[in-house]
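Peer 1: Structure provided below as structure tokens; questions to follow.
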Amino acid sequence: MLTFAPNSAIMQTSEFSSLTWAMGTGRGTAKGTTRLPAASSPRHHYQFQLERVPAESLLWTGEKDRRVRGMLTASGDLTATGKTAAELKASAAGMVKMRIEKGTISKVNTLYKIFSVLNMSQLLKLKLPDLTADGMPYNSITATLLLKNGIMTSKDFYIDSEAINILAMGSMDIIQEKVDLRVGLQPLQTLDKIISTIPVMGWILTDEDRRFITVYFEVKGPVADPEVKAIPGRELSAEGLDMVKRVFKLPQKLITDTGEVLY
């Protein structure tokens, strides 16, 4: 429907009550408005839903093998102002909830670096997922994403897989393509008793059964090549530590000071 404002500053408004389109084996729906002020840039406000859309069709990274594969379901409420893709990206604001199921992650540089830090320790004999070849299988990826002023933030970006669980909290500047994240990893395997009671820079935690609970990392810098370093759990915010406990289903009594583990 096209309407006109009854004043001297003529504004055209396109209102869509229902848009539906097919994407592979899934579909997308949306509703919202596009306003065209006479003296300023177009303003858009849309709500959308995606149902079992192939994730690789949207999460394309520019190289054939650098992608997330799986079936994506998402919903969101977004606003943006501008005429160009760059203007729309910089002004985008709103929230998106997503879930991707039963897929693989291939050649993600941040995970490469995190796994390399773990493997460099002579104390940790972990069998970590292979990010090459067919990629790392996962059960699901879930997240709530907030957008504002070109910054995308999340407190609950979670990867659930058979070999390792991963929780990321922080932000990504989608304009400058930089990240500032805290990442928790929970390898799903039991370590030797001796190994699990030796502190390594304070970032290993074990539970009463001497199982490996989680390690933490700071990830900062360009998306394509961020700096990754292990950090002690005490460097997480109280909110971040609470999220880690809840998502990883950890015991409430945890020792997070440098050099300490549970006995």
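Chain labels follow the order of the structure tokens: the first chain is A, the next B, and so on; residue numbering restarts at 1 in every chain, and ligands are counted from 1 in their shown order.
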Determine which residues of stretch 16-98 of chain A DSSP labels as helix (DSSP H, G or I) from the backbone of this structure, then write them out as a ChimeraX atom specification.

Peer 2: /A:55-57,85-91

Peer 1: Do you have, as a Markdown table, the list of residues of stretch 13-58 of chain A lying at most 10 Å from stretch 98-108 of chain A, each with its nearest atom pair and that distance in Å to one decimal, counting only C-alpha atoms and ordered by chain then number?

Peer 2:
```
| residue | atom | partner | partner_atom | distance |
| --- | --- | --- | --- | --- |
| A:Gln49 | CA | A:Met98 | CA | 9.7 |
| A:Leu50 | CA | A:Met98 | CA | 8.9 |
| A:Glu51 | CA | A:Arg99 | CA | 9.9 |
| A:Arg52 | CA | A:Ile100 | CA | 8.2 |
| A:Val53 | CA | A:Ile100 | CA | 9.0 |
| A:Pro54 | CA | A:Ile100 | CA | 8.9 |
| A:Ala55 | CA | A:Ile100 | CA | 7.2 |
| A:Glu56 | CA | A:Gly103 | CA | 10.0 |
```

Peer 1: Please write the residues from the selection above to a file, keeping N, CA and C atoms, as a compact mmCIF listing (two decimals), in the first residue's frame.

Peer 2:
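Listing of selection35.txt after writing:
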```
# COMPACT_ATOMS: atom_id res chain seq x y z
N GLN A 49 10.98 -13.47 9.54
CA GLN A 49 11.20 -14.83 10.02
C GLN A 49 11.80 -15.65 8.90
N LEU A 50 12.77 -16.49 9.25
CA LEU A 50 13.35 -17.44 8.32
C LEU A 50 13.11 -18.84 8.88
N GLU A 51 12.70 -19.75 8.04
CA GLU A 51 12.39 -21.10 8.49
C GLU A 51 13.20 -22.11 7.68
N ARG A 52 14.16 -22.75 8.36
CA ARG A 52 14.98 -23.81 7.79
C ARG A 52 15.56 -23.42 6.43
N VAL A 53 16.24 -22.28 6.44
CA VAL A 53 16.93 -21.78 5.26
C VAL A 53 18.37 -22.30 5.29
N PRO A 54 18.95 -22.75 4.18
CA PRO A 54 20.35 -23.16 4.18
C PRO A 54 21.25 -22.01 4.65
N ALA A 55 21.97 -22.22 5.75
CA ALA A 55 22.77 -21.13 6.33
C ALA A 55 23.83 -20.62 5.37
N GLU A 56 24.38 -21.50 4.53
CA GLU A 56 25.44 -21.07 3.62
C GLU A 56 24.96 -20.07 2.60
```

Peer 1: At what distance in Å, to one decimal, does atom CA of A:Leu72 lie from atom CA of A:Leu58?

Peer 2: 9.1 Å

Peer 1: What does the distance between atom CA of A:Val96 and atom CA of A:Leu146 come to in Å, to one decimal place?

Peer 2: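 Spanning atom CA of A:Val96 to atom CA of A:Leu146 is a straight-line distance of 6.5 Å.
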
Peer 1: Leaving out A:Leu145 and any residue of its chain fewer than 6 positions from it, which residues lie within 12 Å of it when counting only C-alpha atoms, given as a ChimeraX atom specification?

Peer 2: /A:74-78,93-99,151-158,168-172

Peer 1: Could you dump the residues just selected with N, CA and C atoms as a PDB file, in the first residue's frame?

Peer 2:
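Contents of the output file result.pdb:
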```pdb
ATOM      1  N   ALA A  74      15.380 -18.215  12.053  1.00  0.00           N
ATOM      2  CA  ALA A  74      15.662 -16.945  12.720  1.00  0.00           C
ATOM      3  C   ALA A  74      14.440 -16.045  12.689  1.00  0.00           C
ATOM      4  N   SER A  75      14.409 -15.094  13.611  1.00  0.00           N
ATOM      5  CA  SER A  75      13.378 -14.058  13.620  1.00  0.00           C
ATOM      6  C   SER A  75      14.024 -12.771  14.106  1.00  0.00           C
ATOM      7  N   GLY A  76      13.480 -11.652  13.661  1.00  0.00           N
ATOM      8  CA  GLY A  76      14.086 -10.400  14.067  1.00  0.00           C
ATOM      9  C   GLY A  76      13.198  -9.202  13.806  1.00  0.00           C
ATOM     10  N   ASP A  77      13.610  -8.074  14.384  1.00  0.00           N
ATOM     11  CA  ASP A  77      12.937  -6.787  14.215  1.00  0.00           C
ATOM     12  C   ASP A  77      14.046  -5.776  13.985  1.00  0.00           C
ATOM     13  N   LEU A  78      14.152  -5.254  12.771  1.00  0.00           N
ATOM     14  CA  LEU A  78      15.275  -4.406  12.396  1.00  0.00           C
ATOM     15  C   LEU A  78      14.815  -3.092  11.778  1.00  0.00           C
ATOM     16  N   ALA A  93      19.660  -1.350  13.312  1.00  0.00           N
ATOM     17  CA  ALA A  93      19.433  -1.484  14.751  1.00  0.00           C
ATOM     18  C   ALA A  93      18.295  -2.468  14.973  1.00  0.00           C
ATOM     19  N   GLY A  94      18.371  -3.183  16.093  1.00  0.00           N
ATOM     20  CA  GLY A  94      17.311  -4.126  16.409  1.00  0.00           C
ATOM     21  C   GLY A  94      17.851  -5.408  16.998  1.00  0.00           C
ATOM     22  N   MET A  95      17.058  -6.458  16.927  1.00  0.00           N
ATOM     23  CA  MET A  95      17.416  -7.721  17.544  1.00  0.00           C
ATOM     24  C   MET A  95      17.094  -8.882  16.608  1.00  0.00           C
ATOM     25  N   VAL A  96      17.964  -9.884  16.620  1.00  0.00           N
ATOM     26  CA  VAL A  96      17.758 -11.109  15.843  1.00  0.00           C
ATOM     27  C   VAL A  96      18.008 -12.305  16.744  1.00  0.00           C
ATOM     28  N   LYS A  97      17.103 -13.254  16.732  1.00  0.00           N
ATOM     29  CA  LYS A  97      17.308 -14.542  17.398  1.00  0.00           C
ATOM     30  C   LYS A  97      17.492 -15.599  16.324  1.00  0.00           C
ATOM     31  N   MET A  98      18.504 -16.468  16.487  1.00  0.00           N
ATOM     32  CA  MET A  98      18.750 -17.459  15.453  1.00  0.00           C
ATOM     33  C   MET A  98      19.120 -18.815  16.035  1.00  0.00           C
ATOM     34  N   ARG A  99      18.868 -19.829  15.223  1.00  0.00           N
ATOM     35  CA  ARG A  99      19.263 -21.197  15.552  1.00  0.00           C
ATOM     36  C   ARG A  99      19.627 -21.905  14.248  1.00  0.00           C
ATOM     37  N   ILE A 151      27.422  -1.866  15.402  1.00  0.00           N
ATOM     38  CA  ILE A 151      28.017  -2.824  16.336  1.00  0.00           C
ATOM     39  C   ILE A 151      27.017  -3.949  16.613  1.00  0.00           C
ATOM     40  N   MET A 152      27.450  -5.178  16.451  1.00  0.00           N
ATOM     41  CA  MET A 152      26.622  -6.331  16.770  1.00  0.00           C
ATOM     42  C   MET A 152      27.146  -6.972  18.048  1.00  0.00           C
ATOM     43  N   THR A 153      26.275  -7.156  19.036  1.00  0.00           N
ATOM     44  CA  THR A 153      26.689  -7.734  20.309  1.00  0.00           C
ATOM     45  C   THR A 153      25.868  -8.976  20.616  1.00  0.00           C
ATOM     46  N   SER A 154      26.467  -9.862  21.408  1.00  0.00           N
ATOM     47  CA  SER A 154      25.766 -11.053  21.871  1.00  0.00           C
ATOM     48  C   SER A 154      26.360 -11.497  23.194  1.00  0.00           C
ATOM     49  N   LYS A 155      25.508 -11.993  24.068  1.00  0.00           N
ATOM     50  CA  LYS A 155      25.951 -12.553  25.343  1.00  0.00           C
ATOM     51  C   LYS A 155      25.802 -14.070  25.379  1.00  0.00           C
ATOM     52  N   ASP A 156      25.254 -14.636  24.288  1.00  0.00           N
ATOM     53  CA  ASP A 156      24.910 -16.055  24.353  1.00  0.00           C
ATOM     54  C   ASP A 156      25.116 -16.788  23.035  1.00  0.00           C
ATOM     55  N   PHE A 157      26.170 -16.441  22.287  1.00  0.00           N
ATOM     56  CA  PHE A 157      26.471 -17.156  21.041  1.00  0.00           C
ATOM     57  C   PHE A 157      27.046 -18.515  21.417  1.00  0.00           C
ATOM     58  N   TYR A 158      26.303 -19.583  21.143  1.00  0.00           N
ATOM     59  CA  TYR A 158      26.634 -20.897  21.688  1.00  0.00           C
ATOM     60  C   TYR A 158      26.677 -21.955  20.593  1.00  0.00           C
ATOM     61  N   ALA A 168      30.478 -17.708  23.213  1.00  0.00           N
ATOM     62  CA  ALA A 168      31.138 -16.430  22.934  1.00  0.00           C
ATOM     63  C   ALA A 168      30.270 -15.283  23.412  1.00  0.00           C
ATOM     64  N   MET A 169      30.908 -14.276  24.013  1.00  0.00           N
ATOM     65  CA  MET A 169      30.220 -13.081  24.504  1.00  0.00           C
ATOM     66  C   MET A 169      31.041 -11.861  24.110  1.00  0.00           C
ATOM     67  N   GLY A 170      30.382 -10.852  23.552  1.00  0.00           N
ATOM     68  CA  GLY A 170      31.116  -9.654  23.190  1.00  0.00           C
ATOM     69  C   GLY A 170      30.518  -8.967  21.986  1.00  0.00           C
ATOM     70  N   SER A 171      31.368  -8.323  21.192  1.00  0.00           N
ATOM     71  CA  SER A 171      30.865  -7.488  20.101  1.00  0.00           C
ATOM     72  C   SER A 171      31.684  -7.657  18.834  1.00  0.00           C
ATOM     73  N   MET A 172      31.036  -7.317  17.711  1.00  0.00           N
ATOM     74  CA  MET A 172      31.718  -7.252  16.427  1.00  0.00           C
ATOM     75  C   MET A 172      31.321  -5.952  15.744  1.00  0.00           C
TER      76      MET A 172
END
```

Peer 1: Pick out the residues sitting within 9 Å of stretch 236-248 of chain A, and hand them over as an NGL selection string; count only C-alpha atoms, and ignore anything fewer than 5 positions along from it in its own chain.

Peer 2: :A and (155-156 or 158 or 165-167 or 169 or 182 or 184 or 186 or 213-214 or 216 or 231)

Peer 1: Could you pull out the residues in stretch 2-115 of chain A that DSSP calls strand (DSSP E or B) from the backbone, as a VMD selection string?

Peer 2: chain A and resid 2 to 4 11 to 23 26 to 37 43 to 54 60 67 to 81 93 to 105

Peer 1: Choose the residue, out of A:Gln176, A:Thr110, A:Ser17, A:Ser161, that has the smallest atom-to-atom separation from A:Pro129; count only C-alpha atoms.

Peer 2: A:Ser161
